[in-house]
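To keep things clear, I will list the structure first and then write my remarks on it.
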Amino acid sequence: MNSNKFSYQGHIETILHYLNSMIQKNWTGKTADEFNRLISIPELAKMACMSVRNLQLMFKAYTSETLHQYIIRTRMEYAQQLLKDNKKSIAEIYEYIGFANQSALNNTLQNDTLLNALRFSFHYLVHLSF
């Protein structure tokens with residue numbers, strides 16, 4: 001597996017670059033379905049010229065995260081960065097990063113135990129606005 005990990009390094013780095021550019025793209029005015037379609041695992045597998053299963057295995061071997069974990073983590077880190085910049089409201093942020101609505105963002109935050117600091121930031125900012 002280790003030699004395969006390195007033989008697919010270019011493929012995985014291409015996927016990582018694509019995911020990061022999609023996550024940091026302004027999704028305002030677009031549907032969450034469009035975001036989800038463009039970063040779906042079958043689409044990513046086509047882009048990498050790999051089977052879905054092989055992409056999942058090689059991605060995890062290369063990054064130590066599943067594709068889903070990586071996407072959620074990087075989206076939340078980007079949301080946190082936007083919050084720290086303090087130039088966008090929470091409503092603008094969820095739309096900007098491709099969530100359908102604030103509830104979708106909140107559900108993602110609640111399901112991800114690694115993002116306590118971001119949850120605190122959202123909670124803190126919401127209470128400051130009242």
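Going through the structure tokens in order, the chains are called A, B, and so on, while each chain numbers its residues from 1 and the ligands are numbered from 1 in the order shown.
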Exercise. Quick one: residues within 9 Å of A:Tyr78, only C-alpha atoms counted, chain neighbours fewer than 3 positions away excluded, as a list in words?
Worked result: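 Answer for this query is Ile23, Gln24, Arg73, Thr74, Arg75, Gln81, Leu82, Leu83 and Ile97 of chain A.
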Problem set entry | Residue contacts of A:His68 (10 Å, only C-alpha atoms) excluding same-chain residues fewer than 2 positions away, as a list in words |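 Near neighbours after the sequence-gap exclusion: Ile39, Ser40, Ile41, Gln56, Glu65, Thr66, Tyr70, Ile71, Ile72 and Arg73 of chain A.
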Exercise. Got a sec: who's within 10 Å of A:Phe35, counting only C-alpha atoms, leaving out chain neighbours fewer than 2 positions off, as a list in words?
Worked result: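 Contacts, with the query itself left out: Met22, Ile23, Lys25, Trp27, Lys30, Thr31, Ala32, Asp33, Arg37, Leu38, Ile39, Ser40, Ile97, Gly98, Phe99 and Ala100 of chain A.
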Exercise. Which of these residues is nearest to A:Leu105, using only C-alpha atoms: A:Asp85, A:Val52, A:Met76, A:Leu44?
Worked result: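 So, comparing all the options, the nearest one is A:Met76.
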Exercise. In terms of the shortest atom-to-atom distance over only C-alpha atoms, which of A:Leu55, A:Glu95, A:Gln102, A:Met47 is closest to A:Thr28?
Worked result: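 Once distances to A:Thr28 are computed over only C-alpha atoms, the minimum belongs to A:Glu95.
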